[in-house]
$ cat model.cif   # mmCIF, C-alpha atoms
data_run
loop_
_atom_site.group_PDB
_atom_site.id
_atom_site.type_symbol
_atom_site.label_atom_id
_atom_site.label_comp_id
_atom_site.auth_asym_id
_atom_site.auth_seq_id
_atom_site.Cartn_x
_atom_site.Cartn_y
_atom_site.Cartn_z
ATOM 1 C CA MET I 1 -4.348 0.296 17.859
ATOM 2 C CA ARG I 2 -3.607 3.419 15.806
ATOM 3 C CA VAL I 3 -3.204 2.535 12.114
ATOM 4 C CA LEU I 4 -1.983 4.770 9.298
ATOM 5 C CA VAL I 5 -3.550 3.880 5.937
ATOM 6 C CA THR I 6 -2.028 5.466 2.828
ATOM 7 C CA GLY I 7 -3.948 5.652 -0.432
ATOM 8 C CA ALA I 8 -7.187 6.169 1.482
ATOM 9 C CA ALA I 9 -8.969 7.794 -1.480
ATOM 10 C CA GLY I 10 -8.295 4.861 -3.822
ATOM 11 C CA GLU I 11 -10.676 2.021 -4.633
ATOM 12 C CA PHE I 12 -9.361 -0.336 -1.931
ATOM 13 C CA GLY I 13 -8.731 2.448 0.581
ATOM 14 C CA ARG I 14 -12.304 3.756 0.365
ATOM 15 C CA ASP I 15 -13.557 0.350 1.520
ATOM 16 C CA LEU I 16 -10.757 -0.642 3.914
ATOM 17 C CA VAL I 17 -10.513 2.607 5.902
ATOM 18 C CA PRO I 18 -14.149 2.751 7.128
ATOM 19 C CA TRP I 19 -14.100 -0.971 7.911
ATOM 20 C CA LEU I 20 -10.866 -0.652 9.931
ATOM 21 C CA ALA I 21 -12.144 2.493 11.657
ATOM 22 C CA ARG I 22 -14.956 0.478 13.235
ATOM 23 C CA LYS I 23 -12.417 -1.254 15.542
ATOM 24 C CA HIS I 24 -9.220 0.808 15.343
ATOM 25 C CA ASP I 25 -8.056 4.396 15.575
ATOM 26 C CA VAL I 26 -7.318 5.098 11.893
ATOM 27 C CA LEU I 27 -5.329 7.946 10.406
ATOM 28 C CA ALA I 28 -6.045 8.007 6.676
ATOM 29 C CA THR I 29 -3.960 9.839 4.098
ATOM 30 C CA ASP I 30 -3.860 10.440 0.369
ATOM 31 C CA ILE I 31 -2.468 13.036 -2.017
ATOM 32 C CA VAL I 32 -6.040 13.882 -3.065
ATOM 33 C CA PRO I 33 -8.843 15.006 -0.739
ATOM 34 C CA ALA I 34 -11.031 12.364 0.894
ATOM 35 C CA ASP I 35 -13.734 12.282 3.543
ATOM 36 C CA PRO I 36 -13.403 8.997 5.455
ATOM 37 C CA PRO I 37 -15.153 8.409 8.810
ATOM 38 C CA CYS I 38 -11.872 8.959 10.673
ATOM 39 C CA GLU I 39 -9.017 11.427 10.888
ATOM 40 C CA PHE I 40 -7.710 12.364 7.432
ATOM 41 C CA VAL I 41 -4.522 14.209 6.457
ATOM 42 C CA GLN I 42 -3.945 15.172 2.838
ATOM 43 C CA ALA I 43 -0.241 14.594 2.217
ATOM 44 C CA ASP I 44 2.321 13.829 -0.457
ATOM 45 C CA LEU I 45 4.295 10.727 0.545
ATOM 46 C CA ARG I 46 7.236 11.964 -1.526
ATOM 47 C CA ASP I 47 7.726 14.720 1.086
ATOM 48 C CA PRO I 48 10.000 13.418 3.879
ATOM 49 C CA GLU I 49 8.669 15.902 6.463
ATOM 50 C CA ALA I 50 5.054 14.993 5.734
ATOM 51 C CA VAL I 51 5.841 11.278 6.012
ATOM 52 C CA GLU I 52 7.706 11.731 9.284
ATOM 53 C CA ALA I 53 4.725 13.603 10.742
ATOM 54 C CA LEU I 54 2.271 10.909 9.581
ATOM 55 C CA VAL I 55 4.006 8.033 11.391
ATOM 56 C CA GLN I 56 4.212 9.832 14.740
ATOM 57 C CA GLY I 57 2.000 8.095 17.270
ATOM 58 C CA VAL I 58 0.871 5.225 15.033
ATOM 59 C CA ASP I 59 1.389 1.543 15.767
ATOM 60 C CA ALA I 60 1.086 0.158 12.251
ATOM 61 C CA VAL I 61 1.064 1.227 8.611
ATOM 62 C CA ILE I 62 -0.980 -0.224 5.768
ATOM 63 C CA HIS I 63 0.614 1.177 2.615
ATOM 64 C CA LEU I 64 -1.904 1.178 -0.237
ATOM 65 C CA ALA I 65 -0.748 4.339 -2.042
ATOM 66 C CA VAL I 66 0.457 3.545 -5.560
ATOM 67 C CA LEU I 67 0.805 4.871 -9.076
ATOM 68 C CA LEU I 68 -1.185 2.327 -11.081
ATOM 69 C CA PRO I 69 -0.467 1.159 -14.654
ATOM 70 C CA ALA I 70 -1.230 3.894 -17.153
ATOM 71 C CA PRO I 71 0.796 5.966 -19.556
ATOM 72 C CA HIS I 72 3.143 7.649 -17.088
ATOM 73 C CA PRO I 73 6.844 8.417 -17.472
ATOM 74 C CA SER I 74 9.104 5.846 -15.810
ATOM 75 C CA ALA I 75 10.314 8.468 -13.325
ATOM 76 C CA ALA I 76 6.746 8.944 -12.055
ATOM 77 C CA PHE I 77 6.507 5.241 -11.127
ATOM 78 C CA VAL I 78 9.878 5.430 -9.358
ATOM 79 C CA ASP I 79 8.822 8.589 -7.505
ATOM 80 C CA VAL I 80 5.567 7.186 -6.153
ATOM 81 C CA ASN I 81 6.106 3.430 -5.958
ATOM 82 C CA VAL I 82 9.748 3.424 -4.819
ATOM 83 C CA LYS I 83 10.694 6.796 -3.317
ATOM 84 C CA ALA I 84 7.468 7.305 -1.361
ATOM 85 C CA SER I 85 7.477 3.693 -0.134
ATOM 86 C CA THR I 86 11.106 3.947 0.969
ATOM 87 C CA LEU I 87 10.509 7.239 2.796
ATOM 88 C CA LEU I 88 7.560 5.659 4.590
ATOM 89 C CA LEU I 89 9.537 2.533 5.520
ATOM 90 C CA GLU I 90 12.442 4.659 6.764
ATOM 91 C CA ALA I 91 10.152 6.825 8.898
ATOM 92 C CA ALA I 92 8.383 3.731 10.245
ATOM 93 C CA ALA I 93 11.720 2.146 11.177
ATOM 94 C CA GLU I 94 12.901 5.328 12.904
ATOM 95 C CA ALA I 95 9.608 5.540 14.829
ATOM 96 C CA LYS I 96 9.972 1.840 15.766
ATOM 97 C CA LEU I 97 6.493 0.939 14.535
ATOM 98 C CA GLY I 98 5.227 -2.547 15.313
ATOM 99 C CA ARG I 99 3.900 -3.513 11.864
ATOM 100 C CA PHE I 100 4.199 -2.426 8.243
ATOM 101 C CA VAL I 101 1.900 -3.939 5.614
ATOM 102 C CA TYR I 102 2.991 -3.303 2.020
ATOM 103 C CA ILE I 103 0.351 -3.896 -0.626
ATOM 104 C CA SER I 104 2.044 -5.122 -3.790
ATOM 105 C CA THR I 105 0.838 -6.775 -6.960
ATOM 106 C CA VAL I 106 1.194 -9.976 -8.922
ATOM 107 C CA TRP I 107 2.645 -7.730 -11.628
ATOM 108 C CA ALA I 108 5.891 -7.815 -9.585
ATOM 109 C CA THR I 109 6.299 -11.357 -10.912
ATOM 110 C CA GLY I 110 5.363 -10.431 -14.481
ATOM 111 C CA HIS I 111 1.746 -11.518 -14.098
ATOM 112 C CA GLY I 112 0.029 -8.823 -16.089
ATOM 113 C CA THR I 113 -2.763 -9.062 -18.601
ATOM 114 C CA GLU I 114 -0.765 -10.931 -21.255
ATOM 115 C CA GLU I 115 0.236 -14.145 -19.479
ATOM 116 C CA GLY I 116 -1.919 -17.185 -18.921
ATOM 117 C CA TYR I 117 -2.488 -18.689 -15.497
ATOM 118 C CA LEU I 118 0.615 -19.273 -13.440
ATOM 119 C CA PRO I 119 0.742 -19.882 -9.704
ATOM 120 C CA VAL I 120 1.768 -16.826 -7.718
ATOM 121 C CA ASP I 121 3.681 -18.042 -4.693
ATOM 122 C CA GLU I 122 7.168 -17.805 -3.190
ATOM 123 C CA ASP I 123 8.607 -19.671 -6.185
ATOM 124 C CA ALA I 124 7.141 -17.409 -8.876
ATOM 125 C CA PRO I 125 9.944 -15.924 -10.992
ATOM 126 C CA LEU I 126 10.434 -12.192 -10.520
ATOM 127 C CA ARG I 127 10.297 -10.875 -14.082
ATOM 128 C CA PRO I 128 8.200 -7.695 -14.220
ATOM 129 C CA GLN I 129 7.050 -6.744 -17.704
ATOM 130 C CA GLU I 130 6.645 -2.981 -17.184
ATOM 131 C CA MET I 131 7.615 -0.146 -14.822
ATOM 132 C CA TYR I 132 4.584 -0.605 -12.580
ATOM 133 C CA GLY I 133 5.554 -4.199 -11.765
ATOM 134 C CA LEU I 134 9.251 -3.344 -11.505
ATOM 135 C CA THR I 135 8.651 -0.519 -9.033
ATOM 136 C CA LYS I 136 6.246 -2.598 -6.926
ATOM 137 C CA LEU I 137 8.906 -5.340 -6.775
ATOM 138 C CA GLN I 138 11.381 -2.711 -5.614
ATOM 139 C CA GLY I 139 8.905 -1.779 -2.872
ATOM 140 C CA GLU I 140 8.696 -5.437 -1.814
ATOM 141 C CA LEU I 141 12.488 -5.625 -1.632
ATOM 142 C CA SER I 142 12.574 -2.440 0.437
ATOM 143 C CA ALA I 143 10.031 -3.900 2.877
ATOM 144 C CA GLU I 144 12.183 -7.020 3.240
ATOM 145 C CA PHE I 145 15.307 -4.883 3.697
ATOM 146 C CA TYR I 146 13.738 -2.811 6.504
ATOM 147 C CA ALA I 147 12.474 -5.949 8.200
ATOM 148 C CA ARG I 148 15.933 -7.509 8.077
ATOM 149 C CA MET I 149 18.002 -4.423 8.878
ATOM 150 C CA HIS I 150 15.714 -2.781 11.458
ATOM 151 C CA GLY I 151 13.844 -5.709 12.968
ATOM 152 C CA MET I 152 10.577 -4.243 11.746
ATOM 153 C CA SER I 153 7.673 -6.643 11.319
ATOM 154 C CA THR I 154 6.646 -6.339 7.671
ATOM 155 C CA LEU I 155 4.094 -8.158 5.577
ATOM 156 C CA VAL I 156 3.911 -8.010 1.777
ATOM 157 C CA LEU I 157 0.583 -8.857 0.147
ATOM 158 C CA ARG I 158 0.552 -9.394 -3.630
ATOM 159 C CA MET I 159 -2.882 -8.384 -4.827
ATOM 160 C CA CYS I 160 -4.234 -9.311 -8.224
ATOM 161 C CA GLY I 161 -6.500 -6.276 -8.346
ATOM 162 C CA TYR I 162 -9.415 -4.948 -6.371
ATOM 163 C CA LEU I 163 -13.031 -4.954 -7.411
ATOM 164 C CA ARG I 164 -15.179 -2.779 -5.177
ATOM 165 C CA CYS I 165 -17.942 -4.636 -3.408
ATOM 166 C CA PRO I 166 -21.272 -2.758 -3.520
ATOM 167 C CA GLN I 167 -22.189 -4.188 -0.109
ATOM 168 C CA PHE I 168 -19.506 -2.054 1.597
ATOM 169 C CA ALA I 169 -21.228 0.967 3.153
ATOM 170 C CA PRO I 170 -19.449 4.298 3.742
ATOM 171 C CA ASP I 171 -19.599 3.666 7.512
ATOM 172 C CA GLY I 172 -17.584 0.445 7.144
ATOM 173 C CA SER I 173 -20.471 -1.942 7.613
ATOM 174 C CA VAL I 174 -20.940 -4.794 5.148
ATOM 175 C CA ASP I 175 -24.340 -6.153 4.195
ATOM 176 C CA LEU I 176 -23.800 -9.410 2.314
ATOM 177 C CA SER I 177 -27.505 -10.293 2.384
ATOM 178 C CA ALA I 178 -28.276 -7.875 -0.459
#
$ encode --input "model.cif" --output "structure tokens"
Amino acid sequence: MRVLVTGAAGEFGRDLVPWLARKHDVLATDIVPADPPCEFVQADLRDPEAVEALVQGVDAVIHLAVLLPAPHPSAAFVDVNVKASTLLLEAAAEAKLGRFVYISTVWATGHGTEEGYLPVDEDAPLRPQEMYGLTKLQGELSAEFYARMHGMSTLVLRMCGYLRCPQFAPDGSVDLSA
């Protein structure tokens, strides 16, 4: 299976891409340079032509690329977390890809650093507390829309963060005995 992974230079991408590449044909992409053990294309997902080229010949997309919480203008979050995601979903639908995995965040429900423990499930209220959460929720809604309107198989995973595991090696192997 040929899998496109966006955000390949990020914390999660640097571990996921080599691991996936051990069993799949992976095309990795990011806006910044990276050197994964697979094919890599540096691209800006806000560029429709670049996105269209990336999805050609792939079977699935794992969309990790994101603008994380930091002092950014609201428009920057919309550009990366909504526009880029929508362009990628649109291109995937047009290419009739088999699977689209959208990596979201518990912040889409308002679960940031200020709240206490609350369950994060299908019944969690959707009340983002900042632009990061709002734009990731918009990405979730776009994934649902493309699934419903285009029959695309989509999966949304709400992560609560990613802590790199030192046992992940650059070649994708994992040594949990250390």
$ atom_distance --input "model.cif" --atom1 "atom CA of I:Leu137" --atom2 "atom CA of I:Pro18"
28.1 Å
$ resolve_selection --input "model.cif" --expression "the PyMOL selection byres ((chain I and resi 171) around 8)" --output "CSV table (one decimal) with C-alpha atoms, in the frame of the given file"
chain,number,residue,atom,x,y,z
I,18,PRO,CA,-14.1,2.8,7.1
I,19,TRP,CA,-14.1,-1.0,7.9
I,37,PRO,CA,-15.2,8.4,8.8
I,169,ALA,CA,-21.2,1.0,3.2
I,170,PRO,CA,-19.4,4.3,3.7
I,172,GLY,CA,-17.6,0.4,7.1
I,173,SER,CA,-20.5,-1.9,7.6
$ resolve_selection --input "model.cif" --expression "the PyMOL selection byres ((chain I and resi 64) around 8)" --output "list of chain:residue names"
I:Val5, I:Thr6, I:Gly7, I:Ala8, I:Phe12, I:Gly13, I:Ile62, I:His63, I:Ala65, I:Val66, I:Tyr102, I:Ile103
$ atom_distance --input "model.cif" --atom1 "atom CA of I:Cys160" --atom2 "atom CA of I:Asp44"
25.3 Å
$ closest_residue --input "model.cif" --among "I:Val80, I:Ala9, I:Val58, I:Val51" --to "I:His24" --atoms "only C-alpha atoms"
I:Val58
$ closest_residue --input "model.cif" --among "I:Leu97, I:Ala92, I:Leu68, I:Val78" --to "I:Met1" --atoms "only C-alpha atoms"
I:Leu97
$ closest_residue --input "model.cif" --among "I:Arg14, I:Lys96, I:Lys23, I:His150" --to "I:Pro36" --atoms "all atoms listed in the file"
I:Arg14
$ residues_around --input "model.cif" --residues "I:Ala147" --least-positions-apart "4" --cutoff "10 Å" --atoms "all atoms listed in the file" --output "list in words"
Leu89, Ala93, Arg99, Phe100, Leu141, Ser142, Ala143, Gly151, Met152, Ser153, Thr154 and Leu155 of chain I
$ residues_near_point --input "model.cif" --point "(5.7, -10.6, -15.2)" --cutoff "7 Å" --atoms "only C-alpha atoms" --output "list in words"
Trp107, Ala108, Thr109, Gly110, His111, Gly112, Leu126, Arg127, Pro128 and Gln129 of chain I
$ atom_distance --input "model.cif" --atom1 "atom CA of I:Ala91" --atom2 "atom CA of I:Glu52"
5.5 Å
$ resolve_selection --input "model.cif" --expression "the PyMOL selection byres ((chain I and resi 53) around 12)" --output "list in words"
Leu4, Leu27, Thr29, Val41, Gln42, Ala43, Asp44, Leu45, Asp47, Pro48, Glu49, Ala50, Val51, Glu52, Leu54, Val55, Gln56, Gly57, Val58, Leu87, Leu88, Ala91, Ala92, Glu94 and Ala95 of chain I
$ residues_around --input "model.cif" --residues "I:Val26" --least-positions-apart "3" --cutoff "8 Å" --atoms "all atoms listed in the file" --output "ChimeraX atom specification"
/I:2-5,17,20-21,38-39
$ closest_residue --input "model.cif" --among "I:Asp35, I:Glu90, I:Asp175, I:Asp25" --to "I:Met149" --atoms "all atoms listed in the file"
I:Glu90
$ closest_residue --input "model.cif" --among "I:Tyr146, I:Met131, I:Glu122, I:Ser104" --to "I:Arg158" --atoms "all atoms listed in the file"
I:Ser104
$ residues_around --input "model.cif" --residues "I:Pro166" --least-positions-apart "3" --cutoff "10 Å" --atoms "all atoms listed in the file" --output "list in words"
Asp15, Leu163, Ala169, Val174, Asp175, Leu176 and Ala178 of chain I
$ residues_around --input "model.cif" --residues "I:Ser74" --least-positions-apart "6" --cutoff "12 Å" --atoms "all atoms listed in the file" --output "list in words"
Leu67, Leu68, Val80, Asn81, Val82, Glu130, Met131, Tyr132, Gly133, Leu134 and Thr135 of chain I
$ build_atoms --input "model.cif" --residues "stretch 132-154 of chain I" --atoms "N, CA, C and O atoms" --output "PDB file, in the coordinates of the input"
ATOM      1  N   TYR I 132       5.455  -0.426 -13.744  1.00  0.00           N
ATOM      2  CA  TYR I 132       4.584  -0.605 -12.580  1.00  0.00           C
ATOM      3  C   TYR I 132       5.026  -1.836 -11.789  1.00  0.00           C
ATOM      4  O   TYR I 132       5.274  -1.757 -10.580  1.00  0.00           O
ATOM      5  N   GLY I 133       5.138  -2.975 -12.443  1.00  0.00           N
ATOM      6  CA  GLY I 133       5.554  -4.199 -11.765  1.00  0.00           C
ATOM      7  C   GLY I 133       6.956  -4.102 -11.199  1.00  0.00           C
ATOM      8  O   GLY I 133       7.224  -4.568 -10.088  1.00  0.00           O
ATOM      9  N   LEU I 134       7.870  -3.488 -11.970  1.00  0.00           N
ATOM     10  CA  LEU I 134       9.251  -3.344 -11.505  1.00  0.00           C
ATOM     11  C   LEU I 134       9.317  -2.507 -10.228  1.00  0.00           C
ATOM     12  O   LEU I 134       9.983  -2.874  -9.264  1.00  0.00           O
ATOM     13  N   THR I 135       8.589  -1.393 -10.207  1.00  0.00           N
ATOM     14  CA  THR I 135       8.651  -0.519  -9.033  1.00  0.00           C
ATOM     15  C   THR I 135       7.925  -1.124  -7.831  1.00  0.00           C
ATOM     16  O   THR I 135       8.317  -0.882  -6.688  1.00  0.00           O
ATOM     17  N   LYS I 136       6.891  -1.914  -8.053  1.00  0.00           N
ATOM     18  CA  LYS I 136       6.246  -2.598  -6.926  1.00  0.00           C
ATOM     19  C   LYS I 136       7.167  -3.687  -6.373  1.00  0.00           C
ATOM     20  O   LYS I 136       7.217  -3.901  -5.161  1.00  0.00           O
ATOM     21  N   LEU I 137       7.917  -4.366  -7.239  1.00  0.00           N
ATOM     22  CA  LEU I 137       8.906  -5.340  -6.775  1.00  0.00           C
ATOM     23  C   LEU I 137       9.981  -4.637  -5.945  1.00  0.00           C
ATOM     24  O   LEU I 137      10.400  -5.149  -4.900  1.00  0.00           O
ATOM     25  N   GLN I 138      10.401  -3.463  -6.389  1.00  0.00           N
ATOM     26  CA  GLN I 138      11.381  -2.711  -5.614  1.00  0.00           C
ATOM     27  C   GLN I 138      10.826  -2.352  -4.240  1.00  0.00           C
ATOM     28  O   GLN I 138      11.553  -2.380  -3.239  1.00  0.00           O
ATOM     29  N   GLY I 139       9.544  -2.039  -4.161  1.00  0.00           N
ATOM     30  CA  GLY I 139       8.905  -1.779  -2.872  1.00  0.00           C
ATOM     31  C   GLY I 139       8.908  -3.015  -1.986  1.00  0.00           C
ATOM     32  O   GLY I 139       9.139  -2.923  -0.778  1.00  0.00           O
ATOM     33  N   GLU I 140       8.644  -4.182  -2.571  1.00  0.00           N
ATOM     34  CA  GLU I 140       8.696  -5.437  -1.814  1.00  0.00           C
ATOM     35  C   GLU I 140      10.091  -5.660  -1.238  1.00  0.00           C
ATOM     36  O   GLU I 140      10.243  -6.041  -0.077  1.00  0.00           O
ATOM     37  N   LEU I 141      11.104  -5.435  -2.082  1.00  0.00           N
ATOM     38  CA  LEU I 141      12.488  -5.625  -1.632  1.00  0.00           C
ATOM     39  C   LEU I 141      12.845  -4.639  -0.529  1.00  0.00           C
ATOM     40  O   LEU I 141      13.552  -4.991   0.426  1.00  0.00           O
ATOM     41  N   SER I 142      12.335  -3.427  -0.623  1.00  0.00           N
ATOM     42  CA  SER I 142      12.574  -2.440   0.437  1.00  0.00           C
ATOM     43  C   SER I 142      11.921  -2.884   1.741  1.00  0.00           C
ATOM     44  O   SER I 142      12.511  -2.743   2.817  1.00  0.00           O
ATOM     45  N   ALA I 143      10.712  -3.419   1.670  1.00  0.00           N
ATOM     46  CA  ALA I 143      10.031  -3.900   2.877  1.00  0.00           C
ATOM     47  C   ALA I 143      10.839  -5.026   3.527  1.00  0.00           C
ATOM     48  O   ALA I 143      11.013  -5.056   4.756  1.00  0.00           O
ATOM     49  N   GLU I 144      11.356  -5.934   2.709  1.00  0.00           N
ATOM     50  CA  GLU I 144      12.183  -7.020   3.240  1.00  0.00           C
ATOM     51  C   GLU I 144      13.460  -6.467   3.860  1.00  0.00           C
ATOM     52  O   GLU I 144      13.882  -6.900   4.931  1.00  0.00           O
ATOM     53  N   PHE I 145      14.079  -5.503   3.199  1.00  0.00           N
ATOM     54  CA  PHE I 145      15.307  -4.883   3.697  1.00  0.00           C
ATOM     55  C   PHE I 145      15.077  -4.247   5.073  1.00  0.00           C
ATOM     56  O   PHE I 145      15.845  -4.466   6.000  1.00  0.00           O
ATOM     57  N   TYR I 146      13.999  -3.471   5.217  1.00  0.00           N
ATOM     58  CA  TYR I 146      13.738  -2.811   6.504  1.00  0.00           C
ATOM     59  C   TYR I 146      13.395  -3.823   7.588  1.00  0.00           C
ATOM     60  O   TYR I 146      13.752  -3.635   8.753  1.00  0.00           O
ATOM     61  N   ALA I 147      12.745  -4.893   7.219  1.00  0.00           N
ATOM     62  CA  ALA I 147      12.474  -5.949   8.200  1.00  0.00           C
ATOM     63  C   ALA I 147      13.787  -6.555   8.683  1.00  0.00           C
ATOM     64  O   ALA I 147      14.002  -6.731   9.887  1.00  0.00           O
ATOM     65  N   ARG I 148      14.666  -6.856   7.748  1.00  0.00           N
ATOM     66  CA  ARG I 148      15.933  -7.509   8.077  1.00  0.00           C
ATOM     67  C   ARG I 148      16.891  -6.575   8.802  1.00  0.00           C
ATOM     68  O   ARG I 148      17.537  -6.951   9.774  1.00  0.00           O
ATOM     69  N   MET I 149      17.014  -5.349   8.341  1.00  0.00           N
ATOM     70  CA  MET I 149      18.002  -4.423   8.878  1.00  0.00           C
ATOM     71  C   MET I 149      17.547  -3.691  10.140  1.00  0.00           C
ATOM     72  O   MET I 149      18.366  -3.231  10.918  1.00  0.00           O
ATOM     73  N   HIS I 150      16.227  -3.562  10.326  1.00  0.00           N
ATOM     74  CA  HIS I 150      15.714  -2.781  11.458  1.00  0.00           C
ATOM     75  C   HIS I 150      14.822  -3.589  12.383  1.00  0.00           C
ATOM     76  O   HIS I 150      14.235  -3.020  13.314  1.00  0.00           O
ATOM     77  N   GLY I 151      14.676  -4.878  12.104  1.00  0.00           N
ATOM     78  CA  GLY I 151      13.844  -5.709  12.968  1.00  0.00           C
ATOM     79  C   GLY I 151      12.377  -5.350  12.930  1.00  0.00           C
ATOM     80  O   GLY I 151      11.627  -5.669  13.851  1.00  0.00           O
ATOM     81  N   MET I 152      11.968  -4.662  11.861  1.00  0.00           N
ATOM     82  CA  MET I 152      10.577  -4.243  11.746  1.00  0.00           C
ATOM     83  C   MET I 152       9.740  -5.406  11.216  1.00  0.00           C
ATOM     84  O   MET I 152      10.165  -6.125  10.318  1.00  0.00           O
ATOM     85  N   SER I 153       8.577  -5.596  11.780  1.00  0.00           N
ATOM     86  CA  SER I 153       7.673  -6.643  11.319  1.00  0.00           C
ATOM     87  C   SER I 153       6.966  -6.135  10.060  1.00  0.00           C
ATOM     88  O   SER I 153       6.188  -5.186  10.112  1.00  0.00           O
ATOM     89  N   THR I 154       7.268  -6.753   8.927  1.00  0.00           N
ATOM     90  CA  THR I 154       6.646  -6.339   7.671  1.00  0.00           C
ATOM     91  C   THR I 154       5.899  -7.508   7.042  1.00  0.00           C
ATOM     92  O   THR I 154       6.254  -8.671   7.236  1.00  0.00           O
TER      93      THR I 154
END
